[in-house]
Amino acid sequence: MSRVFIALQDNENARFIVEAIGEDNPEAEVKHSPAMIRVEADDRLVIRRETVEEKLGRDWDTQELQVDMISIGGNVDEDDDSFTLYWNS
Amino acid sequence: MNAKTSKRLNMKERYRIMTRDLGWEPSYQRYEDIFPQEGFEGIKITDWDQWEDPFRLTMDNYWKFQAEKERKLYAIFDAVSQNNGQMKISDPRYLNAVKLFITAVTPLEYNAYKGYARVGRQFGGVGARIACQMQSIDELRHTQTQIHAMSHYNKYFGGMHDFPHMFDRVWYLSVPKSFFEDASTAGPFEFLTAISFSFEYVLTNLLFLPFMSGAAYNGDMNTVTFGFSAQSDEARHMTLGLEIIKFILEQHEDNVPIVQQWLDKWLWRGYRLLSIVGMMMDYMLPNKVMSWAEAWTMYYEEAGGALFKELERYGIRPPKYADQTVIGKDHVSHQAWFIFYQYGHATAFNTWVPTAQEMDWLSEKYPDTFDRLYRPRFELLAEKAARGERFYNDALPQLCQVCQIPLAITEPDDDTLLSHRDTVHDGERYHFCSDGCRDIFHHEPEKYVQAWLPVHQILQGNCGGADMEKVIGDYYRIEMGEDNLDFEGSAEQRRWAAWKQAV
Amino acid sequence: MSVRANYANYRGPVRDRVENFHGNQLVYVMWERHLLFCAPLTFLADPAMTFDAFLAEVLTPALAPHPESEALDFAEAQWRLDGEAFTPRGDASLADNGIGHKSQLRLITPRLSDLADAAI
């Protein structure tokens, strides 16, 4: 087991993205530090477009994540519907 | 911003059309004439089509998202300058970290821009070429936004006025400069392993995340903002770094030992380079976020541990001497600050003995080392300074032939003895700070015999003569009494007090 | 091992060969376990200079900022040269003592004060 993580700027978009992550990944752990929010989970973390759109109340492109994301740990798989971080080991 | 309703193709199809379909097979020129650097390092690529960009980012969307980032960034720069942002920082000592950043890190961004432009040209695979092209443009953006961010502080504080000149000449800046030039003069695959993987993936979090959070904690809006904006590109670069390593390893088993040796080399080189960041975190941030040791545990031991576990399946083991970095995390920040303190007459920033409160924080964060080894040194230095004998070391330090850092780091198994190794090559003696740096020399002695070591250059008379005041003032362009020396009694301290009184 | 270069027989210039120091040579000195000096020190010296003159004219002024420098007696000290035990001849030149270009000398002194507890 290894931890994957994503760090986001602590801004208005991120608040809703983190809320969506929490809903889709109930085991994820959210850590706040100055200006930054870090979300960690064991082995796998999924961000779903549909859930983020519901929280934001508008359309959202998974590639928009690039504007708010600061760092990640794990392999990435991204398509139109989701953004996934995972470790194989 | 809404790409979803207007697009007709899905992300995977768009990526295929906008990358792979832009390439072609050469018909009247030989492949090896078009890509002359692809083979000499011994890396074997059998199928470039296996290259995947997991973000599937295409040039059209790249411009769209980058423009959005720039709009946000420059709105904040304007707000900071319109609201006297320089007065909102926690303590004028904080700005010294920014001075170190613009002289040591910003020029690396510019070198990265040149590096990716060069190596992108050298790869036969179109996916890799486009990823390198985007990263090259990103790195130029980082250079520009950092200069813009700090130009505001440059109006009020010293030490930032001549950073490109200083980068090419000043003794401690030869450490980052030689690090990057080592990568830039390597082949294209080693460059990617060094910068995309070892630096961006494994180590860049240690530069940007704690430091940017530190800037936020010390009221420096400009630095937080450019830092996080740059870091949003870094997240993409990191992914590229991991993908390139997996790609090279999957292409041919003969690639594994070559890559392993590069990982050993570049983890060690990056670790040594980051001693400067450790020092910024533990000594230069008046409001502290986390210690260097904590950051190393979180970002190298834990995150790096997960990463190297992932790479085991390819026959890769964790980098050699990684255990020494874990021992060193309790020492290097103190030892680095100690170098700068005693050569503080030759730095483009101020140095100081930590306050009593700061020393208590260091004791708490470094229970095994600070009170035993480092507090007594600082207390002696404080006593000397109080007697009017502030210690500046007038003798020049011995430098490592590879990392170019003074031999100020102690043995992993004896923390009161300076670590030193040497070797004789072609009748000439060379000195190193560690087994890691000596191994790097032994692999490529022809490269490192030509190192431009600042101390030796001064003593050869190549830096404006034998008078150190002239070297510092004329050759480095560090203005004596304005940019350098102790913070106590400095021009910065006087100006800050005057501004605070005027408010 | 040898560098993997893009063309055959790659060699870089040896930047610190003794000829570049205008008749002088480099000598490094580490005062062992005296970490007030953050690193060993680099000196430019005439290879014809006697060892005693090197101590008096070059090393002593450099070590003066250390509180133990007044108690330091070179007659009581032990030396190592490039990793080997070494007994210097004070009236012989650096060259005749076998101290070559870029040699490292280590100075090892008995306990001189309480500063030794923190290896200062």
# chains A, B, ... in the order shown; residues from 1 in each chain; ligands from 1

$ residues_around --residues "segment 11-28 of chain A" --least-positions-apart "4" --cutoff "9 Å" --atoms "only C-alpha atoms" --output "compact mmCIF listing (two decimals) with C-alpha atoms, in the first residue's frame"
# COMPACT_ATOMS: atom_id res chain seq x y z
CA ALA A 35 -2.62 28.66 1.14
CA MET A 36 -2.77 24.97 0.24
CA ILE A 37 -5.04 21.92 0.65
CA VAL A 39 -5.81 15.35 -0.11
CA GLU A 40 -4.32 11.88 0.43
CA ALA A 41 -5.61 8.34 0.08
CA ASP A 42 -4.33 4.79 0.01
CA ARG A 44 -6.14 5.42 -5.43
CA LEU A 45 -8.01 8.72 -5.66
CA VAL A 46 -10.65 9.62 -8.25
CA ILE A 47 -11.99 13.04 -9.18
CA ARG A 48 -15.24 12.72 -11.14
CA THR A 51 -19.60 15.30 -8.95
CA VAL A 52 -17.44 18.42 -9.36
CA GLU A 53 -20.01 19.95 -11.74
CA GLU A 54 -22.76 19.29 -9.23
CA LYS A 55 -20.77 21.01 -6.45
CA LEU A 56 -19.67 23.94 -8.62
CA LEU A 65 -7.84 20.99 -12.74
CA ASP A 68 -5.67 24.94 -9.39
CA MET A 69 -3.43 21.91 -8.91

$ residues_around --residues "Ala71 of chain C" --least-positions-apart "4" --cutoff "10 Å" --atoms "only C-alpha atoms" --output "mmCIF file with N, CA and C atoms, in the first residue's frame"
data_model
loop_
_atom_site.group_PDB
_atom_site.id
_atom_site.type_symbol
_atom_site.label_atom_id
_atom_site.label_comp_id
_atom_site.auth_asym_id
_atom_site.auth_seq_id
_atom_site.Cartn_x
_atom_site.Cartn_y
_atom_site.Cartn_z
ATOM 1 N N PRO C 67 38.719 30.890 19.375
ATOM 2 C CA PRO C 67 39.117 31.138 20.772
ATOM 3 C C PRO C 67 40.260 30.236 21.247
ATOM 4 N N LEU C 112 41.843 21.335 24.065
ATOM 5 C CA LEU C 112 42.367 22.642 24.462
ATOM 6 C C LEU C 112 41.397 23.426 25.338
ATOM 7 N N SER C 113 40.089 23.135 25.226
ATOM 8 C CA SER C 113 39.106 23.847 26.061
ATOM 9 C C SER C 113 37.778 23.107 26.010
#

$ interface_residues --of "chain B" --to "chain C" --cutoff "6 Å" --atoms "only C-alpha atoms" --output "list of chain:residue names"
B:Phe40, B:Ile339, B:Leu373, B:Ala395, B:Leu396, B:Pro397, B:Gln398, B:Pro406, B:Leu407, B:Ala408, B:Thr416, B:Leu417, B:His443, B:Glu444, B:Glu446, B:Val449, B:Gln450, B:Gln460

$ interface_residues --of "chain B" --to "chain A" --cutoff "7 Å" --atoms "only C-alpha atoms" --output "number ranges by chain"
B: 2-4, 10-11, 54-55, 65, 69, 213, 216-217, 228, 231-232, 234-235, 303, 306, 309-310

$ write_last_selection --atoms "N, CA, C and O atoms" --output "compact mmCIF listing (two decimals), in the first residue's frame"
# COMPACT_ATOMS: atom_id res chain seq x y z
N ASN B 2 -15.43 26.59 -20.87
CA ASN B 2 -16.22 25.37 -21.04
C ASN B 2 -15.89 24.69 -22.34
O ASN B 2 -16.39 25.02 -23.40
N ALA B 3 -15.00 23.70 -22.23
CA ALA B 3 -14.57 22.99 -23.44
C ALA B 3 -15.56 21.90 -23.81
O ALA B 3 -15.64 21.47 -24.94
N LYS B 4 -16.36 21.47 -22.84
CA LYS B 4 -17.16 20.25 -23.02
C LYS B 4 -18.24 20.41 -24.10
O LYS B 4 -18.40 19.54 -24.94
N ASN B 10 -13.51 13.44 -28.33
CA ASN B 10 -13.16 13.29 -26.93
C ASN B 10 -11.65 13.49 -26.74
O ASN B 10 -10.89 13.64 -27.69
N MET B 11 -11.24 13.53 -25.46
CA MET B 11 -9.87 13.92 -25.12
C MET B 11 -8.83 13.02 -25.78
O MET B 11 -7.82 13.48 -26.28
N PRO B 54 -0.28 11.27 -19.87
CA PRO B 54 -1.53 10.92 -19.18
C PRO B 54 -2.49 12.09 -19.10
O PRO B 54 -3.69 11.89 -18.96
N PHE B 55 -2.00 13.34 -19.21
CA PHE B 55 -2.91 14.49 -19.20
C PHE B 55 -3.56 14.69 -20.56
O PHE B 55 -4.51 15.44 -20.70
N PHE B 65 -5.39 27.17 -20.97
CA PHE B 65 -5.21 27.08 -19.52
C PHE B 65 -4.07 27.97 -19.03
O PHE B 65 -4.14 28.57 -17.96
N LYS B 69 -4.11 31.01 -16.19
CA LYS B 69 -3.19 31.11 -15.05
C LYS B 69 -2.53 32.49 -15.01
O LYS B 69 -2.37 33.09 -13.95
N SER B 213 4.38 27.77 1.05
CA SER B 213 3.57 27.90 2.25
C SER B 213 4.26 28.86 3.22
O SER B 213 3.61 29.65 3.90
N ALA B 216 3.55 32.32 2.22
CA ALA B 216 2.19 32.69 2.63
C ALA B 216 2.17 33.05 4.12
O ALA B 216 1.52 34.02 4.53
N TYR B 217 2.90 32.30 4.91
CA TYR B 217 2.95 32.50 6.35
C TYR B 217 3.69 33.78 6.72
O TYR B 217 3.57 34.26 7.84
N PHE B 228 2.78 29.09 -6.67
CA PHE B 228 1.71 28.13 -6.93
C PHE B 228 1.35 28.09 -8.41
O PHE B 228 0.99 27.05 -8.94
N GLN B 231 3.87 26.01 -9.89
CA GLN B 231 3.72 24.64 -9.42
C GLN B 231 2.56 23.93 -10.14
O GLN B 231 2.57 22.72 -10.29
N SER B 232 1.59 24.69 -10.61
CA SER B 232 0.50 24.05 -11.36
C SER B 232 1.05 23.47 -12.67
O SER B 232 0.55 22.46 -13.17
N GLU B 234 4.24 22.46 -12.72
CA GLU B 234 5.12 21.40 -12.22
C GLU B 234 4.37 20.08 -12.08
O GLU B 234 4.93 19.01 -12.29
N ALA B 235 3.10 20.16 -11.67
CA ALA B 235 2.33 18.92 -11.50
C ALA B 235 2.31 18.16 -12.83
O ALA B 235 2.43 16.94 -12.87
N ALA B 303 6.77 10.11 0.19
CA ALA B 303 6.34 10.17 -1.22
C ALA B 303 7.35 9.44 -2.11
O ALA B 303 6.97 8.68 -3.01
N ALA B 306 7.03 5.60 -1.86
CA ALA B 306 5.94 5.04 -2.68
C ALA B 306 6.39 4.93 -4.13
O ALA B 306 6.14 3.94 -4.83
N LYS B 309 8.98 2.14 -4.68
CA LYS B 309 8.30 0.85 -4.60
C LYS B 309 7.63 0.53 -5.94
O LYS B 309 7.66 -0.60 -6.42
N GLU B 310 7.06 1.57 -6.54
CA GLU B 310 6.41 1.42 -7.85
C GLU B 310 7.41 1.00 -8.94
O GLU B 310 7.08 0.27 -9.86

$ atom_distance --atom1 "atom CA of Leu73 of chain B" --atom2 "atom CA of Ser229 of chain B"
7.1 Å

$ atom_distance --atom1 "atom CA of Leu95 of chain B" --atom2 "atom CA of Lys384 of chain B"
25.5 Å

$ decode --residues "segment 40-55 of chain A" --atoms "all heavy atoms" --output "PDB file, in the first residue's frame"
ATOM      1  N   GLU A  40      -5.076  13.129   0.550  1.00  0.00           N
ATOM      2  CA  GLU A  40      -4.323  11.877   0.430  1.00  0.00           C
ATOM      3  C   GLU A  40      -5.264  10.687   0.532  1.00  0.00           C
ATOM      4  O   GLU A  40      -6.300  10.768   1.180  1.00  0.00           O
ATOM      5  CB  GLU A  40      -3.341  11.712   1.603  1.00  0.00           C
ATOM      6  CG  GLU A  40      -2.254  12.721   1.681  1.00  0.00           C
ATOM      7  CD  GLU A  40      -1.345  12.456   2.895  1.00  0.00           C
ATOM      8  OE1 GLU A  40      -1.454  11.372   3.539  1.00  0.00           O
ATOM      9  OE2 GLU A  40      -0.554  13.345   3.194  1.00  0.00           O
ATOM     10  N   ALA A  41      -4.849   9.583  -0.092  1.00  0.00           N
ATOM     11  CA  ALA A  41      -5.614   8.343   0.080  1.00  0.00           C
ATOM     12  C   ALA A  41      -4.683   7.164  -0.160  1.00  0.00           C
ATOM     13  O   ALA A  41      -3.602   7.323  -0.734  1.00  0.00           O
ATOM     14  CB  ALA A  41      -6.780   8.308  -0.906  1.00  0.00           C
ATOM     15  N   ASP A  42      -5.110   5.995   0.261  1.00  0.00           N
ATOM     16  CA  ASP A  42      -4.328   4.786   0.011  1.00  0.00           C
ATOM     17  C   ASP A  42      -4.523   4.347  -1.430  1.00  0.00           C
ATOM     18  O   ASP A  42      -5.653   4.108  -1.864  1.00  0.00           O
ATOM     19  CB  ASP A  42      -4.776   3.638   0.944  1.00  0.00           C
ATOM     20  CG  ASP A  42      -4.330   3.896   2.371  1.00  0.00           C
ATOM     21  OD1 ASP A  42      -3.384   4.687   2.558  1.00  0.00           O
ATOM     22  OD2 ASP A  42      -4.938   3.312   3.289  1.00  0.00           O
ATOM     23  N   ASP A  43      -3.422   4.259  -2.161  1.00  0.00           N
ATOM     24  CA  ASP A  43      -3.367   3.645  -3.490  1.00  0.00           C
ATOM     25  C   ASP A  43      -4.141   4.325  -4.629  1.00  0.00           C
ATOM     26  O   ASP A  43      -3.729   4.256  -5.771  1.00  0.00           O
ATOM     27  CB  ASP A  43      -3.806   2.164  -3.447  1.00  0.00           C
ATOM     28  CG  ASP A  43      -2.804   1.318  -2.683  1.00  0.00           C
ATOM     29  OD1 ASP A  43      -1.594   1.617  -2.786  1.00  0.00           O
ATOM     30  OD2 ASP A  43      -3.223   0.386  -1.977  1.00  0.00           O
ATOM     31  N   ARG A  44      -5.295   4.960  -4.332  1.00  0.00           N
ATOM     32  CA  ARG A  44      -6.143   5.419  -5.426  1.00  0.00           C
ATOM     33  C   ARG A  44      -7.028   6.589  -5.009  1.00  0.00           C
ATOM     34  O   ARG A  44      -7.564   6.600  -3.900  1.00  0.00           O
ATOM     35  CB  ARG A  44      -7.041   4.237  -5.849  1.00  0.00           C
ATOM     36  CG  ARG A  44      -7.751   4.417  -7.165  1.00  0.00           C
ATOM     37  CD  ARG A  44      -8.494   3.127  -7.534  1.00  0.00           C
ATOM     38  NE  ARG A  44      -9.159   3.320  -8.797  1.00  0.00           N
ATOM     39  CZ  ARG A  44      -8.566   3.183  -9.980  1.00  0.00           C
ATOM     40  NH1 ARG A  44      -7.306   2.815 -10.038  1.00  0.00           N
ATOM     41  NH2 ARG A  44      -9.234   3.404 -11.091  1.00  0.00           N
ATOM     42  N   LEU A  45      -7.146   7.569  -5.906  1.00  0.00           N
ATOM     43  CA  LEU A  45      -8.009   8.719  -5.657  1.00  0.00           C
ATOM     44  C   LEU A  45      -8.634   9.121  -6.988  1.00  0.00           C
ATOM     45  O   LEU A  45      -7.927   9.281  -7.975  1.00  0.00           O
ATOM     46  CB  LEU A  45      -7.163   9.876  -5.111  1.00  0.00           C
ATOM     47  CG  LEU A  45      -7.883  11.096  -4.561  1.00  0.00           C
ATOM     48  CD1 LEU A  45      -8.394  10.813  -3.145  1.00  0.00           C
ATOM     49  CD2 LEU A  45      -6.942  12.288  -4.512  1.00  0.00           C
ATOM     50  N   VAL A  46      -9.973   9.288  -7.003  1.00  0.00           N
ATOM     51  CA  VAL A  46     -10.653   9.623  -8.254  1.00  0.00           C
ATOM     52  C   VAL A  46     -11.388  10.958  -8.113  1.00  0.00           C
ATOM     53  O   VAL A  46     -12.076  11.192  -7.116  1.00  0.00           O
ATOM     54  CB  VAL A  46     -11.701   8.548  -8.635  1.00  0.00           C
ATOM     55  CG1 VAL A  46     -12.270   8.822 -10.022  1.00  0.00           C
ATOM     56  CG2 VAL A  46     -11.078   7.158  -8.580  1.00  0.00           C
ATOM     57  N   ILE A  47     -11.208  11.815  -9.115  1.00  0.00           N
ATOM     58  CA  ILE A  47     -11.988  13.043  -9.179  1.00  0.00           C
ATOM     59  C   ILE A  47     -12.953  12.898 -10.351  1.00  0.00           C
ATOM     60  O   ILE A  47     -12.510  12.714 -11.490  1.00  0.00           O
ATOM     61  CB  ILE A  47     -11.073  14.278  -9.385  1.00  0.00           C
ATOM     62  CG1 ILE A  47     -10.053  14.344  -8.246  1.00  0.00           C
ATOM     63  CG2 ILE A  47     -11.904  15.558  -9.461  1.00  0.00           C
ATOM     64  CD1 ILE A  47      -9.018  15.445  -8.409  1.00  0.00           C
ATOM     65  N   ARG A  48     -14.252  12.928 -10.074  1.00  0.00           N
ATOM     66  CA  ARG A  48     -15.239  12.722 -11.138  1.00  0.00           C
ATOM     67  C   ARG A  48     -15.817  14.049 -11.592  1.00  0.00           C
ATOM     68  O   ARG A  48     -16.242  14.875 -10.778  1.00  0.00           O
ATOM     69  CB  ARG A  48     -16.381  11.843 -10.632  1.00  0.00           C
ATOM     70  CG  ARG A  48     -15.994  10.401 -10.483  1.00  0.00           C
ATOM     71  CD  ARG A  48     -17.169   9.535 -10.039  1.00  0.00           C
ATOM     72  NE  ARG A  48     -16.682   8.423  -9.261  1.00  0.00           N
ATOM     73  CZ  ARG A  48     -15.993   7.393  -9.765  1.00  0.00           C
ATOM     74  NH1 ARG A  48     -15.742   7.342 -11.060  1.00  0.00           N
ATOM     75  NH2 ARG A  48     -15.553   6.427  -8.991  1.00  0.00           N
ATOM     76  N   ARG A  49     -15.871  14.231 -12.915  1.00  0.00           N
ATOM     77  CA  ARG A  49     -16.407  15.472 -13.489  1.00  0.00           C
ATOM     78  C   ARG A  49     -17.828  15.742 -13.010  1.00  0.00           C
ATOM     79  O   ARG A  49     -18.151  16.848 -12.581  1.00  0.00           O
ATOM     80  CB  ARG A  49     -16.362  15.398 -15.018  1.00  0.00           C
ATOM     81  CG  ARG A  49     -16.955  16.620 -15.703  1.00  0.00           C
ATOM     82  CD  ARG A  49     -16.818  16.575 -17.209  1.00  0.00           C
ATOM     83  NE  ARG A  49     -17.424  15.379 -17.796  1.00  0.00           N
ATOM     84  CZ  ARG A  49     -18.727  15.205 -18.002  1.00  0.00           C
ATOM     85  NH1 ARG A  49     -19.589  16.149 -17.679  1.00  0.00           N
ATOM     86  NH2 ARG A  49     -19.188  14.084 -18.526  1.00  0.00           N
ATOM     87  N   GLU A  50     -18.649  14.715 -13.043  1.00  0.00           N
ATOM     88  CA  GLU A  50     -20.064  14.904 -12.696  1.00  0.00           C
ATOM     89  C   GLU A  50     -20.241  15.444 -11.278  1.00  0.00           C
ATOM     90  O   GLU A  50     -21.042  16.344 -11.045  1.00  0.00           O
ATOM     91  CB  GLU A  50     -20.820  13.566 -12.791  1.00  0.00           C
ATOM     92  CG  GLU A  50     -21.327  13.294 -14.170  1.00  0.00           C
ATOM     93  CD  GLU A  50     -22.332  12.123 -14.194  1.00  0.00           C
ATOM     94  OE1 GLU A  50     -22.511  11.471 -13.138  1.00  0.00           O
ATOM     95  OE2 GLU A  50     -22.890  11.887 -15.267  1.00  0.00           O
ATOM     96  N   THR A  51     -19.459  14.858 -10.352  1.00  0.00           N
ATOM     97  CA  THR A  51     -19.598  15.297  -8.954  1.00  0.00           C
ATOM     98  C   THR A  51     -19.102  16.731  -8.808  1.00  0.00           C
ATOM     99  O   THR A  51     -19.718  17.553  -8.122  1.00  0.00           O
ATOM    100  CB  THR A  51     -18.805  14.358  -8.016  1.00  0.00           C
ATOM    101  OG1 THR A  51     -18.969  13.017  -8.457  1.00  0.00           O
ATOM    102  CG2 THR A  51     -19.249  14.494  -6.580  1.00  0.00           C
ATOM    103  N   VAL A  52     -17.967  17.049  -9.460  1.00  0.00           N
ATOM    104  CA  VAL A  52     -17.437  18.419  -9.359  1.00  0.00           C
ATOM    105  C   VAL A  52     -18.439  19.407  -9.960  1.00  0.00           C
ATOM    106  O   VAL A  52     -18.701  20.477  -9.390  1.00  0.00           O
ATOM    107  CB  VAL A  52     -16.065  18.537 -10.056  1.00  0.00           C
ATOM    108  CG1 VAL A  52     -15.567  19.987 -10.024  1.00  0.00           C
ATOM    109  CG2 VAL A  52     -15.025  17.626  -9.393  1.00  0.00           C
ATOM    110  N   GLU A  53     -19.039  19.047 -11.081  1.00  0.00           N
ATOM    111  CA  GLU A  53     -20.012  19.950 -11.735  1.00  0.00           C
ATOM    112  C   GLU A  53     -21.212  20.204 -10.826  1.00  0.00           C
ATOM    113  O   GLU A  53     -21.719  21.326 -10.726  1.00  0.00           O
ATOM    114  CB  GLU A  53     -20.462  19.356 -13.080  1.00  0.00           C
ATOM    115  CG  GLU A  53     -19.364  19.421 -14.129  1.00  0.00           C
ATOM    116  CD  GLU A  53     -19.813  18.972 -15.520  1.00  0.00           C
ATOM    117  OE1 GLU A  53     -20.801  18.218 -15.608  1.00  0.00           O
ATOM    118  OE2 GLU A  53     -19.156  19.377 -16.501  1.00  0.00           O
ATOM    119  N   GLU A  54     -21.613  19.153 -10.137  1.00  0.00           N
ATOM    120  CA  GLU A  54     -22.756  19.287  -9.231  1.00  0.00           C
ATOM    121  C   GLU A  54     -22.409  20.263  -8.095  1.00  0.00           C
ATOM    122  O   GLU A  54     -23.221  21.118  -7.731  1.00  0.00           O
ATOM    123  CB  GLU A  54     -23.053  17.891  -8.684  1.00  0.00           C
ATOM    124  CG  GLU A  54     -24.302  17.758  -7.876  1.00  0.00           C
ATOM    125  CD  GLU A  54     -24.313  16.375  -7.201  1.00  0.00           C
ATOM    126  OE1 GLU A  54     -24.182  15.360  -7.931  1.00  0.00           O
ATOM    127  OE2 GLU A  54     -24.391  16.345  -5.956  1.00  0.00           O
ATOM    128  N   LYS A  55     -21.174  20.138  -7.562  1.00  0.00           N
ATOM    129  CA  LYS A  55     -20.766  21.012  -6.450  1.00  0.00           C
ATOM    130  C   LYS A  55     -20.573  22.452  -6.927  1.00  0.00           C
ATOM    131  O   LYS A  55     -20.917  23.400  -6.234  1.00  0.00           O
ATOM    132  CB  LYS A  55     -19.445  20.531  -5.817  1.00  0.00           C
ATOM    133  CG  LYS A  55     -19.487  19.120  -5.264  1.00  0.00           C
ATOM    134  CD  LYS A  55     -20.374  19.040  -4.038  1.00  0.00           C
ATOM    135  CE  LYS A  55     -20.539  17.578  -3.618  1.00  0.00           C
ATOM    136  NZ  LYS A  55     -21.693  17.406  -2.715  1.00  0.00           N
TER     137      LYS A  55
END
